[in-house]
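final00.txt (compact mmCIF, C-alpha atoms and all ligand atoms) appears below.
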```txt
# COMPACT_ATOMS: atom_id res chain seq x y z
CA MET B 16 -16.51 -45.11 12.73
CA LYS B 17 -15.93 -41.47 11.87
CA THR B 18 -15.39 -38.66 14.33
CA THR B 19 -16.88 -35.21 13.99
CA LEU B 20 -15.33 -32.19 15.66
CA SER B 21 -17.81 -29.33 16.02
CA VAL B 22 -16.76 -25.89 17.17
CA ILE B 23 -19.85 -23.73 17.64
CA LYS B 24 -19.71 -20.24 19.12
CA ALA B 25 -21.93 -17.32 19.98
CA ASP B 26 -21.84 -14.02 21.81
CA ILE B 27 -24.54 -14.45 24.45
CA GLY B 28 -23.67 -11.33 26.43
CA SER B 29 -20.61 -10.12 28.24
CA LEU B 30 -19.23 -8.31 31.25
CA ALA B 31 -18.58 -4.55 31.22
CA GLY B 32 -19.15 -4.07 27.48
CA HIS B 33 -18.04 -6.32 24.59
CA HIS B 34 -15.18 -7.44 26.82
CA VAL B 35 -15.32 -10.91 28.30
CA VAL B 36 -17.68 -13.84 28.90
CA HIS B 37 -18.93 -14.19 32.51
CA PRO B 38 -18.03 -17.47 34.28
CA ASP B 39 -21.66 -18.05 35.37
CA THR B 40 -22.74 -18.19 31.73
CA ILE B 41 -20.03 -20.77 31.03
CA ALA B 42 -21.35 -22.80 33.97
CA ALA B 43 -24.87 -22.67 32.50
CA ALA B 44 -23.61 -23.92 29.12
CA ASN B 45 -21.58 -26.60 30.87
CA LYS B 46 -24.71 -28.08 32.47
CA VAL B 47 -26.32 -28.52 29.05
CA LEU B 48 -23.24 -30.11 27.49
CA ALA B 49 -22.64 -32.42 30.46
CA GLU B 50 -26.22 -33.65 30.11
CA ALA B 51 -25.74 -34.17 26.35
CA LYS B 52 -22.59 -36.18 27.05
CA ARG B 53 -24.47 -38.37 29.58
CA ASN B 54 -27.14 -38.94 26.92
CA ASN B 55 -24.54 -39.90 24.29
CA ILE B 56 -25.44 -37.02 22.00
CA ILE B 57 -21.83 -35.84 22.19
CA SER B 58 -18.76 -37.88 23.17
CA ASP B 59 -16.64 -35.18 24.75
CA TYR B 60 -16.52 -31.40 25.03
CA TYR B 61 -14.50 -28.42 26.16
CA ILE B 62 -15.96 -24.98 26.81
CA THR B 63 -13.97 -21.78 26.66
CA PHE B 64 -14.22 -18.14 25.60
CA VAL B 65 -12.39 -15.53 23.60
CA GLY B 66 -13.41 -12.01 24.55
CA ASP B 67 -17.22 -11.88 24.58
CA ASP B 68 -17.63 -15.11 22.57
CA LEU B 69 -18.61 -18.39 24.21
CA GLN B 70 -16.96 -21.36 22.50
CA LEU B 71 -18.33 -24.91 22.52
CA ILE B 72 -15.81 -27.51 21.34
CA MET B 73 -17.52 -30.90 20.93
CA THR B 74 -16.74 -34.34 19.52
CA HIS B 75 -19.36 -36.87 18.42
CA GLU B 76 -20.14 -39.48 15.79
CA ARG B 77 -23.16 -37.80 14.20
CA GLY B 78 -21.58 -35.92 11.28
CA GLU B 79 -21.87 -32.28 10.29
CA LEU B 80 -25.05 -30.21 10.74
CA ASP B 81 -26.56 -32.83 13.05
CA THR B 82 -29.87 -31.72 14.51
CA LYS B 83 -29.25 -33.12 18.00
CA VAL B 84 -25.75 -31.65 18.29
CA HIS B 85 -26.87 -28.27 16.99
CA GLU B 86 -29.90 -28.27 19.26
CA THR B 87 -27.60 -29.03 22.19
CA ALA B 88 -25.43 -26.04 21.29
CA TRP B 89 -28.53 -23.85 20.86
CA ASN B 90 -29.85 -24.91 24.28
CA ALA B 91 -26.45 -24.22 25.85
CA PHE B 92 -26.42 -20.71 24.34
CA LYS B 93 -30.04 -20.12 25.41
CA GLU B 94 -29.33 -21.18 29.01
CA ALA B 95 -26.17 -19.07 29.07
CA ALA B 96 -28.08 -16.07 27.64
CA LYS B 97 -30.74 -16.54 30.33
CA VAL B 98 -28.05 -16.19 33.00
CA ALA B 99 -26.59 -13.21 31.10
CA LYS B 100 -30.01 -11.52 31.29
CA GLU B 101 -30.36 -12.28 35.01
CA LEU B 102 -26.95 -10.74 35.64
CA GLY B 103 -27.77 -7.77 33.43
CA LEU B 104 -24.74 -8.46 31.26
CA TYR B 105 -24.15 -6.33 28.20
CA ALA B 106 -25.90 -7.35 24.93
CA ALA B 107 -27.38 -10.52 26.47
CA GLY B 108 -28.28 -12.95 23.68
CA GLN B 109 -26.46 -10.79 21.08
CA ASP B 110 -25.80 -13.50 18.46
CA LEU B 111 -29.02 -15.49 18.96
CA LEU B 112 -30.84 -13.95 16.02
CA SER B 113 -33.72 -16.40 15.89
CA ASP B 114 -36.38 -17.27 18.45
CA SER B 115 -36.76 -20.96 17.89
CA PHE B 116 -34.52 -23.77 16.76
CA SER B 117 -35.33 -25.72 13.60
CA GLY B 118 -33.11 -28.36 12.02
CA ASN B 119 -29.67 -26.83 12.43
CA LEU B 120 -27.96 -23.60 13.43
CA ARG B 121 -27.12 -22.28 9.95
CA GLY B 122 -28.38 -18.73 9.57
CA MET B 123 -29.42 -18.44 13.22
CA GLY B 124 -26.44 -16.37 14.40
CA PRO B 125 -23.91 -18.75 15.98
CA GLY B 126 -20.67 -19.45 14.07
CA ILE B 127 -20.10 -23.08 13.07
CA ALA B 128 -16.93 -24.96 12.06
CA GLU B 129 -17.36 -28.73 11.74
CA ILE B 130 -15.15 -31.41 10.28
CA GLU B 131 -15.78 -35.15 9.98
CA PHE B 132 -12.84 -37.53 9.64
CA GLU B 133 -11.43 -40.99 10.20
CA GLU B 134 -9.14 -40.56 13.23
CA ARG B 135 -5.49 -41.16 12.43
CA PRO B 136 -3.44 -43.09 15.05
CA ALA B 137 -2.49 -39.67 16.40
CA GLU B 138 -4.94 -36.89 15.52
CA PRO B 139 -3.50 -33.48 16.44
CA VAL B 140 -5.84 -30.54 15.81
CA VAL B 141 -5.58 -26.83 16.38
CA ILE B 142 -8.63 -24.71 17.08
CA PHE B 143 -8.35 -20.97 16.45
CA MET B 144 -10.91 -18.59 17.91
CA ALA B 145 -10.90 -14.85 17.19
CA ASP B 146 -12.77 -11.91 18.71
CA LYS B 147 -13.51 -8.57 16.97
CA THR B 148 -13.06 -9.67 13.38
CA GLU B 149 -14.70 -11.61 10.52
CA PRO B 150 -14.13 -14.97 8.72
CA GLY B 151 -11.99 -13.57 5.88
CA ALA B 152 -9.39 -12.81 8.56
CA TYR B 153 -8.23 -16.41 8.19
CA ASN B 154 -7.61 -16.09 4.41
CA LEU B 155 -4.06 -14.81 4.74
CA PRO B 156 -2.80 -17.33 7.33
CA LEU B 157 -4.55 -20.24 5.54
CA TYR B 158 -2.76 -19.31 2.34
CA LYS B 159 0.55 -19.17 4.17
CA ILE B 160 -0.02 -22.47 5.95
CA PHE B 161 -1.17 -24.52 2.95
CA ALA B 162 0.37 -22.76 -0.05
CA ASP B 163 3.46 -20.76 0.91
CA PRO B 164 6.73 -22.73 1.12
CA PHE B 165 8.40 -19.77 2.85
CA ASN B 166 6.00 -20.46 5.73
CA THR B 167 5.56 -24.23 5.45
CA ALA B 168 8.71 -26.22 4.81
CA GLY B 169 6.67 -29.41 4.36
CA LEU B 170 5.34 -28.17 1.00
CA VAL B 171 8.88 -28.59 -0.30
CA ILE B 172 10.18 -31.43 1.87
CA ASP B 173 7.26 -33.80 2.55
CA PRO B 174 6.27 -35.94 -0.48
CA THR B 175 2.58 -36.15 0.62
CA MET B 176 2.32 -32.37 0.87
CA HIS B 177 4.40 -31.69 -2.23
CA GLU B 178 1.42 -32.02 -4.62
CA GLY B 179 -0.27 -29.14 -2.81
CA TYR B 180 -3.72 -28.36 -1.47
CA LYS B 181 -7.21 -27.46 -2.72
CA PHE B 182 -9.01 -24.41 -1.39
CA GLU B 183 -12.80 -24.06 -1.33
CA VAL B 184 -13.59 -20.36 -1.54
CA LEU B 185 -17.05 -18.97 -0.79
CA ASP B 186 -18.29 -15.79 -2.47
CA VAL B 187 -20.60 -14.46 0.25
CA ARG B 188 -22.14 -11.88 -2.06
CA GLU B 189 -23.25 -14.33 -4.78
CA GLY B 190 -23.71 -17.34 -2.48
CA GLU B 191 -21.52 -19.63 -4.59
CA SER B 192 -18.21 -21.37 -4.10
CA ILE B 193 -15.24 -22.45 -6.20
CA ILE B 194 -12.38 -24.90 -5.65
CA LEU B 195 -8.90 -23.74 -6.63
CA ASN B 196 -5.75 -25.86 -6.67
CA THR B 197 -2.34 -24.80 -5.43
CA PRO B 198 0.41 -24.35 -6.40
CA GLU B 199 -0.79 -24.13 -10.03
CA GLU B 200 -3.70 -21.73 -9.42
CA SER B 201 -2.09 -19.76 -6.60
CA TYR B 202 -2.40 -16.44 -8.37
CA ASP B 203 -6.09 -17.04 -9.17
CA LEU B 204 -6.66 -17.94 -5.55
CA LEU B 205 -4.90 -14.80 -4.35
CA ALA B 206 -6.90 -12.67 -6.81
CA LEU B 207 -10.04 -13.73 -4.95
CA ILE B 208 -9.02 -14.12 -1.32
CA GLY B 209 -7.23 -10.75 -1.31
CA THR B 210 -10.80 -9.40 -0.97
CA PRO B 211 -11.54 -11.17 2.31
CA SER B 212 -14.84 -9.39 3.00
CA ARG B 213 -16.32 -11.11 -0.07
CA TYR B 214 -14.25 -14.25 -0.78
CA ILE B 215 -13.71 -16.50 2.23
CA ILE B 216 -11.68 -19.69 2.38
CA ARG B 217 -14.09 -22.22 3.89
CA ARG B 218 -12.29 -25.57 3.52
CA VAL B 219 -8.86 -26.88 2.60
CA TYR B 220 -8.16 -30.39 1.27
CA ARG B 221 -4.91 -32.28 0.63
CA LYS B 222 -4.69 -32.83 -3.11
CA ALA B 223 -3.01 -36.22 -2.92
CA ASP B 224 -6.05 -37.94 -1.31
CA ASN B 225 -8.73 -35.26 -0.72
CA LEU B 226 -8.22 -35.46 3.04
CA GLN B 227 -9.89 -32.43 4.61
CA ALA B 228 -7.36 -30.42 6.58
CA SER B 229 -9.25 -27.32 7.63
CA VAL B 230 -12.63 -25.62 8.03
CA VAL B 231 -13.66 -22.05 8.88
CA SER B 232 -16.95 -20.69 10.26
CA VAL B 233 -18.17 -18.49 7.40
CA GLU B 234 -21.36 -17.08 8.92
CA ARG B 235 -21.62 -13.29 8.32
CA LEU B 236 -23.92 -11.81 10.95
CA ASN B 237 -24.62 -8.59 9.06
CA LEU B 238 -25.80 -10.54 6.00
CA ILE B 239 -28.05 -12.75 8.17
CA ALA B 240 -29.51 -9.84 10.15
CA GLY B 241 -29.40 -7.25 7.32
CA LYS B 242 -27.80 -4.77 9.71
CA TYR B 243 -24.86 -4.43 12.09
CA VAL B 244 -25.21 -6.77 15.06
CA GLY B 245 -21.56 -7.11 16.05
CA LYS B 246 -18.72 -8.96 14.36
CA ASP B 247 -18.72 -12.63 13.41
CA ASP B 248 -15.65 -13.47 15.50
CA PRO B 249 -14.83 -16.61 13.49
CA VAL B 250 -13.38 -19.98 14.47
CA MET B 251 -11.18 -22.31 12.45
CA ILE B 252 -10.09 -25.94 12.80
CA ILE B 253 -6.81 -27.19 11.33
CA ARG B 254 -5.60 -30.79 11.49
CA ALA B 255 -1.83 -31.12 11.86
CA GLN B 256 1.13 -33.43 11.15
CA HIS B 257 1.47 -36.67 9.07
CA GLY B 258 1.39 -35.16 5.61
CA LEU B 259 -0.33 -32.03 6.88
CA PRO B 260 1.42 -28.90 8.11
CA ALA B 261 3.32 -29.38 11.37
CA LEU B 262 2.00 -27.58 14.44
CA GLY B 263 4.86 -25.10 14.17
CA GLU B 264 4.13 -24.44 10.50
CA ILE B 265 0.52 -23.65 11.39
CA LEU B 266 1.56 -21.26 14.16
CA GLU B 267 4.25 -19.63 12.00
CA ALA B 268 1.48 -17.99 9.93
CA PHE B 269 0.57 -15.85 12.96
CA THR B 270 3.99 -14.27 13.47
CA VAL B 271 2.83 -11.13 11.66
CA PRO B 272 -0.03 -9.23 13.32
CA TYR B 273 -1.59 -8.47 9.94
CA LEU B 274 -4.52 -6.06 9.62
CA VAL B 275 -8.05 -7.40 9.82
CA PRO B 276 -11.46 -5.68 9.78
CA GLY B 277 -13.43 -5.50 13.02
CA TRP B 278 -12.31 -3.94 16.29
CA MET B 279 -14.33 -0.96 17.62
CA ARG B 280 -17.98 -1.15 16.47
CA GLY B 281 -16.88 -3.68 13.84
CA SER B 282 -15.76 -0.71 11.75
CA HIS B 283 -11.97 -0.50 11.93
CA TYR B 284 -8.88 -2.26 10.65
CA GLY B 285 -6.49 -3.39 13.35
CA PRO B 286 -3.75 -5.94 13.95
CA LEU B 287 -4.77 -9.51 14.80
CA MET B 288 -2.92 -10.18 18.04
CA PRO B 289 -2.26 -13.81 19.08
CA VAL B 290 -2.75 -14.10 22.84
CA PRO B 291 -2.83 -16.69 25.63
CA GLN B 292 -6.25 -17.58 26.99
CA LYS B 293 -5.70 -15.36 30.04
CA ASP B 294 -5.41 -12.31 27.74
CA ALA B 295 -8.43 -13.21 25.61
CA ARG B 296 -10.32 -10.08 26.69
CA ALA B 297 -11.04 -7.14 24.44
CA THR B 298 -9.86 -3.89 26.04
CA ARG B 299 -8.16 -1.09 24.08
CA PHE B 300 -10.66 0.43 21.63
CA ASP B 301 -12.55 -2.87 22.16
CA GLY B 302 -9.53 -4.84 20.98
CA PRO B 303 -7.16 -5.02 19.34
CA PRO B 304 -8.65 -8.05 17.55
CA ARG B 305 -7.48 -11.15 19.41
CA LEU B 306 -6.74 -14.72 18.49
CA VAL B 307 -6.47 -17.75 20.76
CA GLY B 308 -5.11 -21.09 19.56
CA LEU B 309 -5.75 -24.32 21.47
CA GLY B 310 -4.03 -27.59 20.56
CA PHE B 311 -5.71 -30.96 21.21
CA ASN B 312 -5.22 -34.59 20.30
CA ILE B 313 -8.38 -36.55 19.60
CA LYS B 314 -8.44 -40.24 20.53
CA ASN B 315 -11.65 -42.26 20.13
CA ARG B 316 -13.46 -38.92 20.18
CA ARG B 317 -11.87 -37.97 23.50
CA LEU B 318 -10.46 -34.43 23.55
CA VAL B 319 -6.97 -34.76 25.01
CA GLY B 320 -5.61 -31.38 26.10
CA PRO B 321 -5.73 -28.49 25.47
CA THR B 322 -2.43 -26.68 25.28
CA ASP B 323 -2.59 -22.88 25.08
CA LEU B 324 -0.45 -22.30 22.00
CA PHE B 325 0.19 -18.56 22.11
CA ASP B 326 1.08 -18.66 25.82
CA ASP B 327 4.71 -18.48 24.80
CA PRO B 328 7.49 -15.84 24.78
CA ALA B 329 8.12 -16.81 21.14
CA PHE B 330 5.05 -14.66 20.37
CA ASP B 331 6.03 -11.70 22.58
CA GLU B 332 7.53 -9.77 19.67
CA VAL B 333 4.40 -10.34 17.57
CA ARG B 334 2.34 -8.86 20.39
CA ARG B 335 4.78 -5.96 20.73
CA THR B 336 4.53 -5.26 17.00
CA ALA B 337 0.74 -5.38 17.37
CA GLN B 338 1.00 -2.63 20.05
CA ILE B 339 3.10 -0.48 17.73
CA ILE B 340 0.62 -0.94 14.88
CA THR B 341 -2.23 -0.20 17.31
CA ASP B 342 -0.64 3.10 18.39
CA TYR B 343 0.04 4.07 14.80
CA ILE B 344 -3.27 3.19 13.20
CA ARG B 345 -5.33 4.59 16.09
CA LYS B 346 -3.86 8.03 15.33
CA HIS B 347 -6.01 8.01 12.15
CA GLY B 348 -9.07 8.26 14.38
CA PRO B 349 -12.22 8.24 12.21
CA PHE B 350 -10.26 8.32 8.94
CA MET B 351 -9.79 5.54 6.43
CA PRO B 352 -7.86 3.31 6.09
CA HIS B 353 -8.26 2.78 9.85
CA ARG B 354 -12.04 3.06 9.47
CA LEU B 355 -13.47 0.50 7.02
CA GLU B 356 -14.39 1.35 3.42
CA PRO B 357 -17.92 2.73 2.70
CA GLU B 358 -19.36 -0.56 1.36
CA GLU B 359 -18.61 -2.24 4.68
CA MET B 360 -19.90 0.77 6.65
CA GLU B 361 -23.31 0.27 5.01
CA TYR B 362 -23.90 -2.41 7.61
CA THR B 363 -23.27 -0.07 10.52
CA THR B 364 -25.22 2.86 11.89
CA LEU B 365 -23.29 5.34 9.71
CA PRO B 366 -25.98 5.44 6.95
CA LEU B 367 -28.39 6.93 9.53
CA VAL B 368 -25.98 9.81 10.12
CA ILE B 369 -25.53 10.44 6.38
CA GLU B 370 -29.32 10.28 5.83
CA LYS B 371 -29.74 13.07 8.37
CA LEU B 372 -27.49 15.31 6.23
CA ARG B 373 -29.17 14.47 2.93
CA ASN B 374 -31.24 17.68 2.57
CA ARG B 375 -28.24 19.87 3.23
CA PHE B 376 -26.30 18.74 0.15
CA LYS B 377 -26.45 21.35 -2.66
CA LYS B 378 -25.89 20.57 -6.33
CA GLU B 379 -22.50 21.62 -7.67
CA THR B 380 -24.10 22.41 -11.03
CA ASP B 381 -26.30 25.07 -9.35
CA MET B 382 -23.65 26.56 -7.11
CA TYR B 383 -20.61 26.74 -9.36
CA LYS B 384 -22.09 26.43 -12.89
CA THR B 385 -20.17 23.22 -13.46
CA LYS B 386 -21.10 20.66 -16.12
CA PRO B 387 -22.96 17.57 -14.89
CA SER B 388 -20.55 15.38 -16.89
CA MET B 389 -17.81 16.21 -14.38
CA TYR B 390 -19.58 14.07 -11.83
CA SER B 391 -20.88 11.30 -14.01
CA HIS B 392 -19.10 8.00 -14.15
CA GLU B 393 -20.21 7.24 -17.74
CA SER B 394 -18.80 10.45 -19.21
CA SER B 395 -15.47 10.04 -17.44
CA GLN B 396 -15.04 6.72 -19.27
CA GLU B 397 -15.61 8.26 -22.71
P1 LIG B 401 11.08 -34.01 17.07
O1 LIG B 401 12.42 -34.68 16.86
O2 LIG B 401 11.09 -33.07 18.26
O3 LIG B 401 9.96 -35.01 17.10
O4 LIG B 401 10.78 -33.04 15.82
C1 LIG B 401 10.36 -33.55 14.60
C2 LIG B 401 9.92 -32.53 13.63
O5 LIG B 401 9.75 -32.86 12.47
C3 LIG B 401 9.65 -31.12 14.02
O6 LIG B 401 9.08 -30.36 12.97
P1 LIG B 402 -18.57 -8.20 19.20
O1 LIG B 402 -18.98 -8.79 17.87
O2 LIG B 402 -17.37 -8.89 19.76
O3 LIG B 402 -19.73 -8.18 20.15
O4 LIG B 402 -18.10 -6.72 18.97
C1 LIG B 402 -19.04 -5.74 18.81
C2 LIG B 402 -18.54 -4.34 18.89
O5 LIG B 402 -19.22 -3.47 18.44
C3 LIG B 402 -17.23 -4.04 19.51
O6 LIG B 402 -16.97 -2.66 19.58
MG MG B 403 -20.43 -8.53 21.97
MG MG B 404 -17.10 -10.90 20.02
MG MG B 405 -19.40 -10.77 17.63
```
If you convert what's in this file into structure tokens, what do you get?
Amino acid sequence: MKTTLSVIKADIGSLAGHHVVHPDTIAAANKVLAEAKRNNIISDYYITFVGDDLQLIMTHERGELDTKVHETAWNAFKEAAKVAKELGLYAAGQDLLSDSFSGNLRGMGPGIAEIEFEERPAEPVVIFMADKTEPGAYNLPLYKIFADPFNTAGLVIDPTMHEGYKFEVLDVREGESIILNTPEESYDLLALIGTPSRYIIRRVYRKADNLQASVVSVERLNLIAGKYVGKDDPVMIIRAQHGLPALGEILEAFTVPYLVPGWMRGSHYGPLMPVPQKDARATRFDGPPRLVGLGFNIKNRRLVGPTDLFDDPAFDEVRRTAQIITDYIRKHGPFMPHRLEPEEMEYTTLPLVIEKLRNRFKKETDMYKTKPSMYSHESSQE
């Protein structure tokens, strides 16, 4: 019998701004999941949070996109949001973009990462949960983990890994996906995933036997809502060991606090800082973007663990570097490249400000007798 691991998350409201989930909302979600476990809808579960995002980690035998499991998650979020409203928490129900549940949670706001597999004798998994960023933030570490031998020694040393991995990349603009093989198509892969706002790694498979090693929640809230409604704050599952990257190879990819989009008002680049659960609270400039990693073993669908993987002095220097980058990049204030590029800002409230100024723009051709061709893209290509 196969096991499914579902990590489903939503921002249902938070304490003192987009800062941290309130314990009473976790308790409300817990009631719903405990009931679902008693009714054999799910086998086991663990609830946690990262910043203002409530995280439901569930095992079951129902496969991906299962109506009952998704409805359980939806009810848990609804109950938690109800408590958030009673407490007057900030942005209560923020990510619940739809009024009623139908079929599954796709396109309703919550982020979803699900993976179905035959449990190995030991089934170590790592669950990453980020706040104040978007799904493409996992492109760089996924490449390092599954395609870069300078990160992952197993790609060179382990015969099962030596053949490489396959990456499923989603183009969120066109709504289509492509599978690229590494190492032979590494440069093609990088040509796409270097634009993480558009091309997102969704799944990774081991080439030798098509075993699925990873999955990312790819939901983009601004595309669903058609406007800015906060960041996606994505989750990712990675299976470890036995012909897959070792736990330490997976974590090694997070030793550089690389820049990701998100942070204040979802509109700024900032360093992704790996933190222990106790520090999973957005503070400075609503960040910096934070990442929590929990390690579990799964046995007969029981979640054994977790261990809090970044609660470790080995990551102190990464966090220190993140502070230095934070100080530096913050000095740019409202200027790019700290602030996101204009295409991404279209999904914020900035267009309203620019619209207000529209009538005050005067034509250069009138004011300074310049030729229109100076400002036309076509003529500059001639
Ligand atoms: P242990 O001897 O601690 O099991 O380590 C094995 C290993 O391969 C670590 O990457
Ligand atoms: P969240 O997506 O975490 O709610 O962030 C929204 C925001 O605007 C932070 O400044
Ligand atoms: Mg929020
Ligand atoms: Mg959030
Ligand atoms: Mg969010």
List every protein, DNA or RNA residue that has at least one atom no more than 8 Å from (-5.8, -40.1, 18.3) in the file's coordinates, counting only C-alpha atoms, and write the result as a PDB file with C-alpha atoms, in the frame of the given file.
```
ATOM      1  CA  GLU B 134      -9.140 -40.560  13.230  1.00  0.00           C
ATOM      2  CA  ARG B 135      -5.490 -41.160  12.430  1.00  0.00           C
ATOM      3  CA  PRO B 136      -3.440 -43.090  15.050  1.00  0.00           C
ATOM      4  CA  ALA B 137      -2.490 -39.670  16.400  1.00  0.00           C
ATOM      5  CA  GLU B 138      -4.940 -36.890  15.520  1.00  0.00           C
ATOM      6  CA  PRO B 139      -3.500 -33.480  16.440  1.00  0.00           C
ATOM      7  CA  ASN B 312      -5.220 -34.590  20.300  1.00  0.00           C
ATOM      8  CA  ILE B 313      -8.380 -36.550  19.600  1.00  0.00           C
ATOM      9  CA  LYS B 314      -8.440 -40.240  20.530  1.00  0.00           C
ATOM     10  CA  ASN B 315     -11.650 -42.260  20.130  1.00  0.00           C
ATOM     11  CA  ARG B 316     -13.460 -38.920  20.180  1.00  0.00           C
TER      12      ARG B 316
END
```
If you take only C-alpha atoms and all ligand atoms and a cut-off of 6 Å, which residues of chain B touch ligand MG 403 (chain B), and what are their nearest atom pairs and distances in Å to one decimal, in chain and number order, as a tab-separated table?
```
residue	atom	partner	partner_atom	distance
B:Asp26	CA	B:MG403	MG	5.7
B:His33	CA	B:MG403	MG	4.2
B:Asp67	CA	B:MG403	MG	5.3
```
Keeping only C-alpha atoms, take the residues you just selected and write them out as a PDB file, in the frame of the given file.
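Heads up, here's the output in result_25.pdb:
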```pdb
ATOM      1  CA  ASP B  26     -21.840 -14.020  21.810  1.00  0.00           C
ATOM      2  CA  HIS B  33     -18.040  -6.320  24.590  1.00  0.00           C
ATOM      3  CA  ASP B  67     -17.220 -11.880  24.580  1.00  0.00           C
TER       4      ASP B  67
END
```
What does the list of residues within 8 Å of ligand LIG 401 (chain B) look like if you count only C-alpha atoms and all ligand atoms, written as a list in words?
Ala261, Leu262 and Gly263 of chain B
Show me, as a ChimeraX atom specification, the residues that have an atom within 8 Å of Val140 (chain B) when counting all atoms listed in the file, minus same-chain residues fewer than 3 positions from it.
/B:252-255,310-313
Interatomic distance (Å, one decimal) between CA of His177 (chain B) and CA of Glu264 (chain B)
14.7 Å
Produce as an mmCIF file with C-alpha atoms, in the frame of the given file the set of residues near ligand LIG 402 (chain B), where near means within 7 Å with all atoms listed in the file considered.
```
data_model
loop_
_atom_site.group_PDB
_atom_site.id
_atom_site.type_symbol
_atom_site.label_atom_id
_atom_site.label_comp_id
_atom_site.auth_asym_id
_atom_site.auth_seq_id
_atom_site.Cartn_x
_atom_site.Cartn_y
_atom_site.Cartn_z
ATOM 1 C CA ASP B 26 -21.840 -14.020 21.810
ATOM 2 C CA HIS B 33 -18.040 -6.320 24.590
ATOM 3 C CA GLY B 66 -13.410 -12.010 24.550
ATOM 4 C CA ASP B 67 -17.220 -11.880 24.580
ATOM 5 C CA ASP B 68 -17.630 -15.110 22.570
ATOM 6 C CA ASP B 146 -12.770 -11.910 18.710
ATOM 7 C CA LYS B 147 -13.510 -8.570 16.970
ATOM 8 C CA GLY B 245 -21.560 -7.110 16.050
ATOM 9 C CA LYS B 246 -18.720 -8.960 14.360
ATOM 10 C CA ASP B 247 -18.720 -12.630 13.410
ATOM 11 C CA ASP B 248 -15.650 -13.470 15.500
ATOM 12 C CA TRP B 278 -12.310 -3.940 16.290
ATOM 13 C CA MET B 279 -14.330 -0.960 17.620
ATOM 14 C CA ARG B 280 -17.980 -1.150 16.470
ATOM 15 C CA GLY B 281 -16.880 -3.680 13.840
ATOM 16 C CA ASP B 301 -12.550 -2.870 22.160
#
```
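Checking B:Thr380, B:Thr364, B:Gln109, B:Asn166 one by one against ligand MG 405 (chain B), counting all atoms listed in the file, you find the shortest gap at B:Gln109.
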Find the distance between CA of Val65 (chain B) and CA of Val307 (chain B) and write it in Å to one decimal.
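Atom-to-atom, CA of Val65 (chain B) and CA of Val307 (chain B) are spaced 6.9 Å apart.
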Atomic separation - CA of Val47 (chain B) relative to CA of Leu104 (chain B), Å:
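CA of Val47 (chain B) lies 20.2 Å from CA of Leu104 (chain B).
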Taking (-15.4, -4.8, 12.3) as a centre in this file's frame and 12 Å as the limit, can you find every polymer residue with an atom that close, using all atoms listed in the file, and give them as a ChimeraX atom specification?
/B:146-152,212,235-237,243-249,274-287,300-304,353-356,359-363
Using all atoms listed in the file, pick whichever of B:Ala240, B:Val84, B:Ile265, B:Val319 has the shortest atom-to-atom distance to Tyr61 (chain B).
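Ranking B:Ala240, B:Val84, B:Ile265, B:Val319 by distance to Tyr61 (chain B), first place goes to B:Val319.
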Contacts of region 70-93 of chain B with region 110-126 of chain B up to 6 Å, shortest pair per row, all atoms listed in the file, as CSV:
```
residue,atom,partner,partner_atom,distance
B:Leu80,CA,B:Asn119,CA,6.0
B:Thr82,CA,B:Gly118,CA,5.3
B:His85,CA,B:Asn119,CA,5.5
```
Using all atoms listed in the file, which of the listed residues (B:Glu129, B:Glu332, B:Glu379, B:Asp294) sits closest to Leu306 (chain B)?
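Answer, going by the shortest atom-to-atom distance: B:Asp294.
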With all atoms listed in the file as the basis for distance, which of B:Pro38, B:Gly108, B:Gly320, B:Gly103 is at the shortest distance from ligand MG 405 (chain B)?
B:Gly108
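Between ligand MG 405 (chain B) and the candidates B:Ala25, B:Leu309, B:Leu365, B:Ile142, the tightest atom-to-atom separation, counting only C-alpha atoms and all ligand atoms, involves B:Ala25.
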